[in-house]
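S.K.: What follows is the file my_file_29.csv, containing CSV, C-alpha atoms and all ligand atoms:
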chain,number,residue,atom,x,y,z
P,1,MET,CA,7.5,-8.2,64.4
P,2,THR,CA,9.1,-10.5,66.9
P,3,ARG,CA,10.6,-8.7,70.0
P,4,VAL,CA,14.1,-9.7,70.6
P,5,GLY,CA,16.5,-8.9,73.5
P,6,ILE,CA,20.3,-9.2,74.1
P,7,ILE,CA,21.7,-10.1,77.5
P,8,GLY,CA,25.3,-8.9,77.6
P,9,ALA,CA,24.9,-6.4,74.7
P,10,THR,CA,28.1,-4.4,75.5
P,11,GLY,CA,30.6,-7.2,74.7
P,12,TYR,CA,32.0,-7.7,71.2
P,13,ALA,CA,29.6,-10.5,70.3
P,14,GLY,CA,26.7,-8.5,72.0
P,15,VAL,CA,27.3,-5.3,70.0
P,16,GLU,CA,27.6,-7.3,66.8
P,17,LEU,CA,24.1,-8.7,67.6
P,18,VAL,CA,22.9,-5.1,68.2
P,19,ARG,CA,24.2,-4.1,64.7
P,20,ILE,CA,22.7,-7.1,62.9
P,21,LEU,CA,19.3,-7.1,64.8
P,22,HIS,CA,18.8,-3.4,64.4
P,23,GLY,CA,18.8,-3.8,60.6
P,24,HIS,CA,16.7,-7.0,60.6
P,25,PRO,CA,13.4,-6.5,58.8
P,26,HIS,CA,11.3,-8.9,60.9
P,27,VAL,CA,12.4,-8.2,64.5
P,28,THR,CA,12.4,-5.3,66.9
P,29,LEU,CA,15.3,-5.0,69.3
P,30,SER,CA,13.3,-4.3,72.4
P,31,THR,CA,15.7,-4.7,75.3
P,32,ILE,CA,19.5,-4.9,75.8
P,33,THR,CA,21.3,-5.5,79.1
P,34,SER,CA,24.6,-4.8,80.7
P,35,ARG,CA,25.7,-4.5,84.4
P,36,GLN,CA,28.4,-1.8,83.9
P,37,TYR,CA,26.4,0.3,81.4
P,38,ALA,CA,22.8,0.0,82.8
P,39,GLY,CA,21.1,3.4,82.2
P,40,THR,CA,23.6,4.3,79.4
P,41,ALA,CA,22.7,4.5,75.7
P,42,ILE,CA,24.5,1.8,73.7
P,43,SER,CA,25.7,4.7,71.4
P,44,ALA,CA,27.6,6.2,74.3
P,45,VAL,CA,29.4,2.9,74.8
P,46,PHE,CA,30.0,2.4,71.0
P,47,PRO,CA,30.0,5.8,69.3
P,48,SER,CA,29.8,4.3,65.8
P,49,LEU,CA,26.1,3.7,66.7
P,50,THR,CA,25.4,7.4,67.3
P,51,GLY,CA,22.2,8.6,65.6
P,52,VAL,CA,21.6,5.0,64.4
P,53,VAL,CA,20.8,2.9,67.4
P,54,ASP,CA,19.6,4.9,70.5
P,55,ILE,CA,18.4,2.1,72.7
P,56,GLN,CA,19.5,2.2,76.4
P,57,CYS,CA,21.2,-0.6,78.3
P,58,GLU,CA,19.2,-1.9,81.2
P,59,ALA,CA,20.1,-4.1,84.2
P,60,PHE,CA,19.1,-7.7,83.7
P,61,SER,CA,16.0,-8.7,85.5
P,62,PRO,CA,14.2,-12.0,84.6
P,63,ASP,CA,10.8,-10.3,85.0
P,64,GLU,CA,11.4,-7.2,83.0
P,65,THR,CA,13.7,-8.8,80.3
P,66,CYS,CA,11.2,-11.6,79.7
P,67,GLU,CA,8.3,-9.1,79.7
P,68,ARG,CA,10.0,-7.2,76.9
P,69,ALA,CA,11.2,-9.9,74.5
P,70,ASP,CA,10.0,-13.2,73.0
P,71,VAL,CA,13.4,-14.3,71.8
P,72,LEU,CA,16.6,-13.7,73.9
P,73,PHE,CA,20.3,-13.9,72.9
P,74,THR,CA,22.7,-14.4,75.8
P,75,ALA,CA,26.1,-13.1,74.9
P,76,LEU,CA,27.7,-13.7,78.4
P,77,PRO,CA,30.8,-15.4,79.7
P,78,HIS,CA,30.7,-19.2,80.2
P,79,HIS,CA,29.1,-20.1,83.6
P,80,VAL,CA,27.1,-16.8,83.7
P,81,SER,CA,24.8,-18.1,81.0
P,82,MET,CA,24.0,-21.4,82.8
P,83,ALA,CA,22.8,-19.4,85.8
P,84,ILE,CA,20.4,-17.2,83.7
P,85,VAL,CA,19.2,-19.3,80.8
P,86,PRO,CA,17.1,-22.0,82.7
P,87,GLU,CA,14.8,-19.2,84.1
P,88,LEU,CA,14.4,-17.7,80.6
P,89,VAL,CA,13.4,-21.1,79.1
P,90,ARG,CA,11.1,-21.8,82.1
P,91,ARG,CA,9.3,-18.6,81.3
P,92,GLY,CA,8.7,-19.8,77.7
P,93,ARG,CA,11.3,-17.6,76.0
P,94,ARG,CA,13.3,-19.1,73.1
P,95,VAL,CA,17.0,-18.6,73.7
P,96,ILE,CA,20.2,-18.6,71.6
P,97,ASP,CA,23.2,-18.8,74.0
P,98,LEU,CA,26.6,-17.7,72.6
P,99,SER,CA,28.7,-19.1,75.4
P,100,ALA,CA,29.9,-22.7,75.7
P,101,ASP,CA,27.4,-23.6,78.4
P,102,PHE,CA,24.9,-25.3,76.2
P,103,ARG,CA,27.1,-26.6,73.3
P,104,PHE,CA,27.8,-30.0,74.7
P,105,ARG,CA,25.4,-33.0,74.6
P,106,ASN,CA,27.8,-34.9,76.9
P,107,VAL,CA,27.8,-32.7,80.0
P,108,ASN,CA,30.6,-34.7,81.5
P,109,LEU,CA,32.8,-33.5,78.6
P,110,TYR,CA,31.8,-29.9,79.4
P,111,GLU,CA,32.6,-30.4,83.0
P,112,ALA,CA,36.0,-31.9,82.2
P,113,HIS,CA,37.0,-28.8,80.3
P,114,TYR,CA,35.0,-25.9,81.9
P,115,GLN,CA,33.4,-26.2,85.3
P,116,PRO,CA,30.6,-28.0,87.1
P,117,HIS,CA,27.3,-27.5,85.2
P,118,SER,CA,24.3,-26.2,87.1
P,119,ALA,CA,21.7,-27.0,84.4
P,120,ARG,CA,22.7,-30.5,83.2
P,121,GLU,CA,19.3,-31.6,81.9
P,122,LEU,CA,18.7,-28.4,79.9
P,123,SER,CA,22.1,-28.7,78.4
P,124,GLU,CA,21.4,-32.2,77.2
P,125,GLN,CA,18.2,-31.0,75.5
P,126,ALA,CA,19.8,-27.9,73.8
P,127,VAL,CA,20.5,-28.1,70.1
P,128,TYR,CA,24.0,-27.4,68.7
P,129,GLY,CA,23.6,-24.3,66.5
P,130,LEU,CA,25.8,-25.1,63.5
P,131,SER,CA,23.1,-23.8,61.2
P,132,GLU,CA,24.0,-25.7,58.0
P,133,VAL,CA,24.3,-29.0,59.7
P,134,PHE,CA,21.6,-29.2,62.4
P,135,THR,CA,19.1,-27.2,60.5
P,136,GLU,CA,15.9,-29.2,61.2
P,137,ALA,CA,16.6,-29.6,64.9
P,138,ILE,CA,17.3,-25.8,65.2
P,139,ARG,CA,14.0,-25.0,63.6
P,140,SER,CA,12.0,-26.5,66.5
P,141,ALA,CA,14.5,-25.7,69.3
P,142,ASP,CA,13.7,-23.7,72.4
P,143,LEU,CA,17.4,-23.4,73.3
P,144,VAL,CA,20.3,-23.3,70.9
P,145,GLY,CA,23.9,-23.5,72.0
P,146,ASN,CA,25.6,-21.4,69.4
P,147,PRO,CA,29.0,-22.9,68.3
P,148,GLY,CA,32.4,-21.5,69.1
P,149,CYS,CA,34.2,-19.6,66.4
P,150,TYR,CA,37.0,-22.1,66.0
P,151,PRO,CA,34.7,-25.1,65.8
P,152,THR,CA,32.5,-23.3,63.2
P,153,SER,CA,35.6,-22.7,61.0
P,154,VAL,CA,36.8,-26.3,61.4
P,155,LEU,CA,33.5,-28.2,61.3
P,156,LEU,CA,31.9,-26.5,58.2
P,157,PRO,CA,34.7,-27.7,55.8
P,158,LEU,CA,35.2,-31.1,57.4
P,159,ILE,CA,31.7,-32.4,58.1
P,160,PRO,CA,30.7,-33.1,54.5
P,161,LEU,CA,33.8,-35.2,54.0
P,162,VAL,CA,33.6,-36.9,57.4
P,163,SER,CA,29.9,-37.8,56.9
P,164,ALA,CA,30.8,-39.2,53.5
P,165,GLY,CA,33.4,-41.5,55.2
P,166,MET,CA,36.1,-40.2,52.9
P,167,LEU,CA,38.8,-39.4,55.6
P,168,ASP,CA,41.3,-41.5,57.5
P,169,PRO,CA,39.9,-40.8,61.0
P,170,GLY,CA,43.4,-40.7,62.6
P,171,SER,CA,44.7,-38.0,60.2
P,172,LEU,CA,42.8,-34.9,61.0
P,173,ILE,CA,44.8,-31.7,61.9
P,174,ALA,CA,43.5,-28.1,62.1
P,175,ASP,CA,45.7,-25.1,62.3
P,176,ALA,CA,43.7,-22.0,63.0
P,177,LYS,CA,44.4,-18.2,63.3
P,178,SER,CA,42.1,-15.8,65.0
P,179,GLY,CA,41.8,-12.0,65.4
P,180,VAL,CA,42.1,-10.5,68.9
P,181,SER,CA,38.3,-9.8,69.3
P,182,GLY,CA,37.9,-13.5,69.8
P,183,ALA,CA,39.2,-12.9,73.4
P,184,GLY,CA,36.3,-10.5,74.2
P,185,ARG,CA,36.3,-6.8,75.3
P,186,SER,CA,37.5,-7.2,78.9
P,187,PRO,CA,41.0,-5.8,79.4
P,188,ALA,CA,43.7,-8.4,79.5
P,189,LEU,CA,47.5,-8.2,79.3
P,190,THR,CA,47.6,-10.6,76.3
P,191,SER,CA,45.2,-8.4,74.3
P,192,LEU,CA,47.2,-5.2,74.7
P,193,TYR,CA,48.4,-3.6,71.4
P,194,CYS,CA,52.1,-4.0,72.3
P,195,GLU,CA,51.6,-7.7,73.0
P,196,VAL,CA,49.7,-8.4,69.8
P,197,ALA,CA,50.8,-6.0,67.1
P,198,GLU,CA,53.8,-7.3,65.0
P,199,SER,CA,53.3,-10.6,66.7
P,200,PHE,CA,52.0,-14.1,65.7
P,201,LYS,CA,51.9,-16.9,68.2
P,202,ALA,CA,50.4,-20.3,68.8
P,203,TYR,CA,48.7,-20.7,72.2
P,204,LYS,CA,46.8,-23.4,74.2
P,205,ILE,CA,48.3,-26.1,72.0
P,206,GLY,CA,46.4,-29.3,72.4
P,207,VAL,CA,44.4,-27.9,75.4
P,208,HIS,CA,42.1,-25.3,73.9
P,209,ARG,CA,38.5,-25.8,75.1
P,210,HIS,CA,37.1,-25.7,71.6
P,211,ASN,CA,38.9,-28.9,70.8
P,212,PRO,CA,36.5,-31.2,72.7
P,213,GLU,CA,33.6,-29.3,71.2
P,214,MET,CA,34.9,-30.1,67.7
P,215,ASN,CA,35.6,-33.8,68.7
P,216,GLU,CA,32.1,-34.3,70.1
P,217,VAL,CA,30.4,-33.0,66.9
P,218,LEU,CA,32.8,-34.8,64.5
P,219,SER,CA,32.3,-38.1,66.4
P,220,ALA,CA,28.5,-37.7,66.2
P,221,VAL,CA,28.7,-37.1,62.5
P,222,ALA,CA,31.1,-40.0,61.9
P,223,GLY,CA,29.2,-42.3,64.2
P,224,ARG,CA,32.4,-43.3,66.0
P,225,PRO,CA,34.9,-41.6,68.3
P,226,LEU,CA,37.0,-39.1,66.4
P,227,SER,CA,39.6,-36.7,67.5
P,228,ILE,CA,41.3,-33.8,65.7
P,229,THR,CA,44.7,-32.2,66.5
P,230,PHE,CA,44.0,-28.5,66.9
P,231,VAL,CA,46.5,-25.6,67.2
P,232,PRO,CA,45.1,-22.1,67.6
P,233,HIS,CA,47.1,-19.0,66.8
P,234,LEU,CA,46.6,-15.3,67.6
P,235,VAL,CA,47.2,-12.8,64.7
P,236,PRO,CA,47.2,-9.0,64.8
P,237,LEU,CA,43.7,-8.5,63.3
P,238,SER,CA,40.8,-7.1,65.1
P,239,ARG,CA,38.4,-9.6,63.5
P,240,GLY,CA,38.7,-12.6,61.2
P,241,MET,CA,39.6,-16.3,61.4
P,242,LEU,CA,41.5,-18.4,58.9
P,243,THR,CA,41.7,-22.2,59.4
P,244,THR,CA,43.8,-24.7,57.4
P,245,ILE,CA,42.9,-28.4,57.8
P,246,TYR,CA,45.0,-31.4,56.7
P,247,ALA,CA,43.5,-34.8,56.3
P,248,SER,CA,44.4,-38.1,54.5
P,249,PRO,CA,41.7,-39.6,52.3
P,250,CYS,CA,40.8,-43.3,52.8
P,251,ALA,CA,41.3,-43.7,49.0
P,252,PRO,CA,43.0,-41.3,46.4
P,253,VAL,CA,40.7,-38.4,45.6
P,254,THR,CA,40.8,-35.4,43.3
P,255,GLU,CA,40.1,-31.8,44.1
P,256,GLU,CA,37.0,-31.9,41.8
P,257,GLU,CA,35.6,-34.8,43.8
P,258,ILE,CA,36.1,-33.0,47.1
P,259,ARG,CA,34.4,-29.9,45.7
P,260,ASP,CA,31.5,-32.0,44.5
P,261,VAL,CA,30.9,-33.4,48.0
P,262,LEU,CA,31.0,-30.0,49.5
P,263,ALA,CA,28.8,-28.4,46.8
P,264,ARG,CA,26.2,-31.2,47.2
P,265,TYR,CA,26.2,-31.0,51.0
P,266,TYR,CA,25.8,-27.2,51.0
P,267,GLU,CA,23.5,-26.9,48.0
P,268,GLY,CA,21.1,-24.0,48.5
P,269,ARG,CA,22.8,-22.7,51.6
P,270,PRO,CA,23.5,-19.0,51.2
P,271,PHE,CA,26.4,-18.6,53.5
P,272,ILE,CA,28.8,-21.3,52.3
P,273,ARG,CA,30.9,-20.1,49.4
P,274,LEU,CA,33.2,-22.6,47.7
P,275,ARG,CA,36.2,-20.7,46.4
P,276,PRO,CA,37.2,-21.4,42.8
P,277,THR,CA,40.4,-23.4,42.2
P,278,GLY,CA,43.4,-21.2,42.9
P,279,GLY,CA,41.6,-18.6,44.9
P,280,PRO,CA,42.1,-19.5,48.5
P,281,PRO,CA,39.8,-18.0,51.2
P,282,ASN,CA,40.9,-14.7,52.8
P,283,THR,CA,39.6,-13.1,56.0
P,284,LEU,CA,39.3,-9.8,54.1
P,285,HIS,CA,36.5,-11.3,51.8
P,286,VAL,CA,34.3,-12.3,54.7
P,287,ARG,CA,34.9,-9.3,57.1
P,288,GLY,CA,31.6,-8.2,58.7
P,289,THR,CA,29.7,-10.9,56.9
P,290,ASN,CA,28.1,-14.3,57.8
P,291,TYR,CA,29.9,-16.1,55.0
P,292,CYS,CA,32.2,-19.1,55.5
P,293,ASP,CA,34.5,-19.3,52.4
P,294,ILE,CA,35.9,-22.7,51.8
P,295,GLY,CA,38.8,-23.7,49.5
P,296,CYS,CA,40.3,-27.2,48.9
P,297,LYS,CA,43.4,-28.6,47.4
P,298,VAL,CA,45.0,-32.1,47.1
P,299,ASP,CA,48.8,-32.1,47.8
P,300,ALA,CA,50.1,-34.1,44.8
P,301,GLY,CA,53.1,-35.5,46.7
P,302,SER,CA,51.4,-36.9,49.8
P,303,GLY,CA,47.9,-37.2,48.4
P,304,ARG,CA,46.7,-35.3,51.5
P,305,ILE,CA,43.6,-33.1,51.4
P,306,ILE,CA,44.0,-29.5,52.4
P,307,LEU,CA,40.9,-27.5,53.3
P,308,ILE,CA,40.9,-23.8,54.1
P,309,SER,CA,38.1,-21.8,55.6
P,310,ALA,CA,37.7,-18.1,56.3
P,311,ILE,CA,35.0,-16.6,58.6
P,312,ASP,CA,34.5,-13.4,60.6
P,313,ASN,CA,34.8,-14.7,64.2
P,314,LEU,CA,32.2,-12.1,65.4
P,315,VAL,CA,29.7,-12.9,62.6
P,316,LYS,CA,29.6,-16.5,61.3
P,317,GLY,CA,31.7,-17.3,64.4
P,318,ALA,CA,29.2,-15.7,66.8
P,319,ALA,CA,26.4,-13.1,66.3
P,320,GLY,CA,25.7,-13.8,62.6
P,321,GLN,CA,25.2,-17.5,63.1
P,322,ALA,CA,23.1,-16.8,66.2
P,323,VAL,CA,20.8,-14.6,64.0
P,324,GLN,CA,20.8,-17.3,61.3
P,325,ASN,CA,19.6,-19.7,64.0
P,326,MET,CA,16.9,-17.3,65.1
P,327,ASN,CA,15.7,-17.1,61.5
P,328,LEU,CA,15.5,-20.8,61.3
P,329,MET,CA,13.6,-20.9,64.7
P,330,LEU,CA,11.1,-18.3,63.5
P,331,GLY,CA,10.5,-19.9,60.1
P,332,LEU,CA,12.2,-16.9,58.3
P,333,PRO,CA,14.6,-17.2,55.3
P,334,GLU,CA,17.9,-18.0,56.9
P,335,ASP,CA,19.7,-15.0,55.4
P,336,CYS,CA,17.1,-12.5,56.7
P,337,GLY,CA,19.0,-9.4,58.1
P,338,LEU,CA,22.3,-11.0,57.1
P,339,ASN,CA,22.4,-10.4,53.4
P,340,GLY,CA,24.2,-7.1,53.1
P,341,VAL,CA,26.7,-6.6,50.4
P,342,PRO,CA,30.3,-7.3,51.8
P,343,PHE,CA,33.0,-4.6,51.8
P,344,ALA,CA,35.5,-5.1,49.0
P,345,LEU,CA,38.4,-4.2,51.3
O,401,LIG,N1,34.3,-12.8,70.8
O,401,LIG,C1,34.1,-13.8,69.9
O,401,LIG,O1,34.7,-13.8,68.8
O,401,LIG,C2,33.2,-14.9,70.3
O,401,LIG,C3,32.9,-15.9,69.3
O,401,LIG,C4,32.0,-16.9,69.6
O,401,LIG,C5,31.5,-17.0,70.9
O,401,LIG,N2,31.8,-16.0,71.8
O,401,LIG,C6,31.2,-16.2,73.1
O,401,LIG,O2,30.2,-15.1,73.3
O,401,LIG,C7,30.2,-14.8,74.7
O,401,LIG,C8,30.5,-13.3,74.8
O,401,LIG,O3,31.8,-13.0,74.3
O,401,LIG,P1,32.4,-11.6,74.0
O,401,LIG,O4,33.6,-11.8,73.3
O,401,LIG,O5,31.3,-10.7,73.5
O,401,LIG,O6,32.7,-11.2,75.6
O,401,LIG,P2,32.9,-9.8,76.2
O,401,LIG,O7,33.3,-8.8,75.1
O,401,LIG,O8,33.8,-9.9,77.4
O,401,LIG,O9,31.4,-9.4,76.7
O,401,LIG,C9,30.8,-10.0,77.8
O,401,LIG,C10,29.4,-9.4,78.0
O,401,LIG,O10,28.8,-10.0,79.1
O,401,LIG,C11,28.6,-9.1,80.2
O,401,LIG,N3,29.0,-9.7,81.5
O,401,LIG,C12,30.2,-10.0,81.8
O,401,LIG,N4,30.2,-10.7,83.0
O,401,LIG,C13,28.9,-10.7,83.4
O,401,LIG,C14,28.3,-11.3,84.5
O,401,LIG,N5,29.0,-11.9,85.5
O,401,LIG,N6,26.9,-11.2,84.6
O,401,LIG,C15,26.2,-10.6,83.6
O,401,LIG,N7,26.8,-10.1,82.5
O,401,LIG,C16,28.1,-10.1,82.4
O,401,LIG,C17,29.4,-7.9,79.8
O,401,LIG,O11,28.8,-6.7,80.2
O,401,LIG,P3,28.7,-6.1,81.7
O,401,LIG,O12,30.0,-6.5,82.4
O,401,LIG,O13,28.5,-4.7,81.6
O,401,LIG,O14,27.6,-6.9,82.3
O,401,LIG,C18,29.4,-7.9,78.3
O,401,LIG,O15,28.3,-7.3,77.8
O,401,LIG,C19,31.3,-15.6,75.4
O,401,LIG,O16,30.7,-16.7,76.0
O,401,LIG,C20,32.2,-16.0,74.3
O,401,LIG,O17,32.9,-17.2,74.5
O,401,LIG,C21,32.6,-15.0,71.5
Can you dump the structure from the file as structure tokens?
Ligand SMILES: NC(=O)c1ccc[n+]([C@@H]2O[C@H](COP(=O)([O-])OP(=O)(O)OC[C@H]3O[C@@H](n4cnc5c(N)ncnc54)[C@H](OP(=O)(O)O)[C@@H]3O)[C@@H](O)[C@H]2O)c1
M.R.:
Amino acid sequence: MTRVGIIGATGYAGVELVRILHGHPHVTLSTITSRQYAGTAISAVFPSLTGVVDIQCEAFSPDETCERADVLFTALPHHVSMAIVPELVRRGRRVIDLSADFRFRNVNLYEAHYQPHSARELSEQAVYGLSEVFTEAIRSADLVGNPGCYPTSVLLPLIPLVSAGMLDPGSLIADAKSGVSGAGRSPALTSLYCEVAESFKAYKIGVHRHNPEMNEVLSAVAGRPLSITFVPHLVPLSRGMLTTIYASPCAPVTEEEIRDVLARYYEGRPFIRLRPTGGPPNTLHVRGTNYCDIGCKVDAGSGRIILISAIDNLVKGAAGQAVQNMNLMLGLPEDCGLNGVPFAL
């Protein structure tokens, strides 16, 4: 049994890690940390865990946390991770960080959109944790920068077509909708029930920080600078993310050909489900799961390709993909602990 710990276990991504890791057959959840709830049982913070997960939250201490766990998940706000992770790696712990602090290979890009980076070298060495794409590098990584939820939902449908050189590079547009848990558990005016219920809005148009993350990965895959127009929206769901992508093909293409490219790229990968023709992805079908459902269509009039993906932002978009990465790092089957039967509704 590998001993694992979660730093920042009382946030939405952290408690999702608690849920998944507690049921994982090859790891023991040996330590969880929180500042506000140190000394409190996690089940007192999240009553759904009563009688199921009894572990107590502790204050983070590099000595004690590293003493108790071999693999650590950091589910902390951006800039907090970069202050903590270098010490964990220096002590020989393997780390999966869920913040943006270790997602960028070009640290200047991170600094242009977030803040100055205090662990630049480590950031350049980290592996981007898009499990199905950077699989081999993840297996041997000491530090994985887990992708953002929006980038996961945009990159998984697009990368097979971009790497096959099928798309006009200037034509990429992504229109994405996220549930409110994407904003985290800290109280905020914009997350209040009255602000969100019966409401549907676009936000951070053209300036969302996940846009440069997508561009960096798409450019690396394409082998040339590539930029996607990205518009995020907030919808009144607690969890779930639906993304619609529009792209013009370099040459006319059929729906079957697109499906073939996607099916070949993701052959044998358990969490990518290609939806049958006419059955577009739906956040309901992936709720609480690590699946990314992908559908495609060619618009007969314009010839434009339409790709749709659905993920659960807290699972494939955060904690689930982090555990999938841990499985790859530990040489376990990638679906270990993640293969529960989805809810039908
Ligand atoms: N929510 C999502 O859908 C999602 C998806 C992908 C990635 N992520 C990323 O995952 C990370 C966590 O997100 P979240 O949504 O779970 O956030 P959250 O709900 O706000 O939780 C943040 C966690 O970090 C702890 N924390 C906050 N400030 C801290 C500090 N200064 N020092 C130490 N611990 C601190 C909090 O507990 P205490 O205050 O008690 O310490 C809490 O456990 C973020 O970087 C986020 O961008 C989130």
S.K.: Of the candidates P:Leu156, P:Val323, P:Gln115, P:Ser30, which shows the shortest atom-to-atom distance to Arg273 of chain P, using all atoms listed in the file?
M.R.: P:Leu156
S.K.: Which residues of chain P sit at most 6 Å from ligand LIG 401 (chain O), using all atoms listed in the file? Give each one's shortest atom pair and distance in Å (one decimal place), in chain and ascending residue order, as a Markdown table.
M.R.:
| residue | atom | partner | partner_atom | distance |
| --- | --- | --- | --- | --- |
| P:Gly8 | CA | O:LIG401 | O15 | 3.4 |
| P:Ala9 | CA | O:LIG401 | O15 | 4.7 |
| P:Thr10 | CA | O:LIG401 | O15 | 3.7 |
| P:Gly11 | CA | O:LIG401 | O9 | 3.1 |
| P:Tyr12 | CA | O:LIG401 | O5 | 3.8 |
| P:Ala13 | CA | O:LIG401 | O5 | 3.6 |
| P:Gly14 | CA | O:LIG401 | O5 | 5.3 |
| P:Ser34 | CA | O:LIG401 | O14 | 4.0 |
| P:Arg35 | CA | O:LIG401 | O14 | 3.7 |
| P:Gln36 | CA | O:LIG401 | O13 | 3.7 |
| P:Tyr37 | CA | O:LIG401 | O13 | 5.4 |
| P:Ala75 | CA | O:LIG401 | C8 | 4.4 |
| P:Leu76 | CA | O:LIG401 | O10 | 3.9 |
| P:Pro77 | CA | O:LIG401 | O16 | 3.9 |
| P:His78 | CA | O:LIG401 | O16 | 4.9 |
| P:Val80 | CA | O:LIG401 | N5 | 5.6 |
| P:Leu98 | CA | O:LIG401 | O2 | 4.5 |
| P:Ser99 | CA | O:LIG401 | O16 | 3.2 |
| P:Gly148 | CA | O:LIG401 | C4 | 4.6 |
| P:Cys149 | CA | O:LIG401 | C4 | 4.7 |
| P:Ser181 | CA | O:LIG401 | N1 | 5.2 |
| P:Gly182 | CA | O:LIG401 | O1 | 3.4 |
| P:Ala183 | CA | O:LIG401 | N1 | 5.5 |
| P:Gly184 | CA | O:LIG401 | O4 | 3.1 |
| P:Arg185 | CA | O:LIG401 | O7 | 3.6 |
| P:Ser186 | CA | O:LIG401 | O8 | 4.8 |
| P:Asn313 | CA | O:LIG401 | O1 | 4.7 |
| P:Leu314 | CA | O:LIG401 | O1 | 4.5 |
| P:Gly317 | CA | O:LIG401 | C4 | 5.2 |
| P:Ala318 | CA | O:LIG401 | C4 | 4.1 |
S.K.: For the selection you just gave me, I'd like the residues written to a file as a compact mmCIF listing (two decimals), in the frame of the given file, keeping C-alpha atoms.
M.R.:
# COMPACT_ATOMS: atom_id res chain seq x y z
CA GLY P 8 25.30 -8.90 77.60
CA ALA P 9 24.90 -6.40 74.70
CA THR P 10 28.10 -4.40 75.50
CA GLY P 11 30.60 -7.20 74.70
CA TYR P 12 32.00 -7.70 71.20
CA ALA P 13 29.60 -10.50 70.30
CA GLY P 14 26.70 -8.50 72.00
CA SER P 34 24.60 -4.80 80.70
CA ARG P 35 25.70 -4.50 84.40
CA GLN P 36 28.40 -1.80 83.90
CA TYR P 37 26.40 0.30 81.40
CA ALA P 75 26.10 -13.10 74.90
CA LEU P 76 27.70 -13.70 78.40
CA PRO P 77 30.80 -15.40 79.70
CA HIS P 78 30.70 -19.20 80.20
CA VAL P 80 27.10 -16.80 83.70
CA LEU P 98 26.60 -17.70 72.60
CA SER P 99 28.70 -19.10 75.40
CA GLY P 148 32.40 -21.50 69.10
CA CYS P 149 34.20 -19.60 66.40
CA SER P 181 38.30 -9.80 69.30
CA GLY P 182 37.90 -13.50 69.80
CA ALA P 183 39.20 -12.90 73.40
CA GLY P 184 36.30 -10.50 74.20
CA ARG P 185 36.30 -6.80 75.30
CA SER P 186 37.50 -7.20 78.90
CA ASN P 313 34.80 -14.70 64.20
CA LEU P 314 32.20 -12.10 65.40
CA GLY P 317 31.70 -17.30 64.40
CA ALA P 318 29.20 -15.70 66.80
S.K.: Measuring between all atoms listed in the file, which one of P:Ala322, P:Ala164, P:Ile84, P:Cys336 shows the shortest distance to Ile138 of chain P?
M.R.: P:Ala322
S.K.: Would you mind listing what lies within 8 Å of Cys57 of chain P as a PyMOL selection string, with only C-alpha atoms counted and same-chain residues fewer than 2 positions away left out?
M.R.: chain P and resi 9+31-34+37-42+55+59
S.K.: In Å, how far is it from atom CA of Tyr110 of chain P to atom CA of Arg209 of chain P?
M.R.: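 Answer for the atom CA of Tyr110 of chain P to atom CA of Arg209 of chain P separation: 9.0 Å.
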S.K.: Select, from P:Arg139, P:Arg91, P:His22, P:Arg304, the residue with the minimum atom-to-atom distance to Leu338 of chain P, counting only C-alpha atoms.
M.R.: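 Nearest candidate to Leu338 of chain P out of P:Arg139, P:Arg91, P:His22, P:Arg304: P:His22.
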S.K.: Pick from P:Phe102, P:Tyr150, P:Phe60, P:Tyr246: nearest to His210 of chain P, with all atoms listed in the file counted?
M.R.: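 Closest to His210 of chain P, using all atoms listed in the file: P:Tyr150.
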S.K.: Please list as a list of chain:residue names every residue within 8 Å of Pro157 of chain P, counting all atoms listed in the file and excluding residues in the same chain fewer than 5 positions away.
M.R.: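 My list of contacting residues is P:Leu262, P:Ile294, P:Leu307, P:Ile308, P:Ser309.
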S.K.: Choose the residue, out of P:Val231, P:Leu237, P:Leu88, P:Ala197, that has the smallest atom-to-atom separation from Glu67 of chain P; count only C-alpha atoms.
M.R.: P:Leu88
S.K.: To one decimal in Å, tell me the separation between atom CA of Asp335 of chain P and atom CA of Asp142 of chain P.
M.R.: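 Between these atoms lies a distance of 20.0 Å.
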S.K.: Quick one: of P:Gly92, P:Gly240, P:Pro169, P:Gly145, who's nearest to Glu124 of chain P, counting all atoms listed in the file?
M.R.: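 Ranking P:Gly92, P:Gly240, P:Pro169, P:Gly145 by distance to Glu124 of chain P, first place goes to P:Gly145.
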S.K.: Distance cut-off 9 Å, centre (25.3, -26.4, 68.7) in file coordinates, counting only C-alpha atoms: which residues qualify? Return them as a list in words.
M.R.: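 So the residues meeting the distance criterion are Phe102, Arg103, Phe104, Arg105, Ala126, Val127, Tyr128, Gly129, Leu130, Ser131, Phe134, Ile138, Val144, Gly145, Asn146, Pro147, Gly148 and Val217 of chain P.
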S.K.: Dump as number ranges by chain all residues having an atom at most 9 Å from (21.8, -16.0, 60.1), computed in the file's coordinates with all atoms listed in the file.
M.R.: P: 131, 271, 290, 315-316, 319-328, 333-339
S.K.: Padding 8 Å on each side, edges along x, y and z: where is the centre of the box around the listed atoms of segment 298-309 of chain P, and how long are its edges in Å to one decimal? Output it as lines of an AutoDock Vina configuration file.
M.R.:
center_x = 45.6
center_y = -29.5
center_z = 50.2
size_x = 31.0
size_y = 31.4
size_z = 26.8
S.K.: Tell me, as number ranges by chain, which residues lie within 12 Å of Pro212 of chain P, counting all atoms listed in the file; anything in the same chain fewer than 4 positions away does not count.
M.R.: P: 100, 103-114, 148, 150-151, 206-208, 216-219, 225-230
S.K.: Please provide as a list in words all residues within 12 Å of Arg90 of chain P, with the sequence filter that same-chain residues fewer than 2 positions apart are discarded (counting only C-alpha atoms).
M.R.: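 Counting only the stated atoms, we get Pro62, Asp63, Cys66, Ile84, Val85, Pro86, Glu87, Leu88, Gly92, Arg93, Arg94, Val95, Leu122, Asp142 and Leu143 of chain P.
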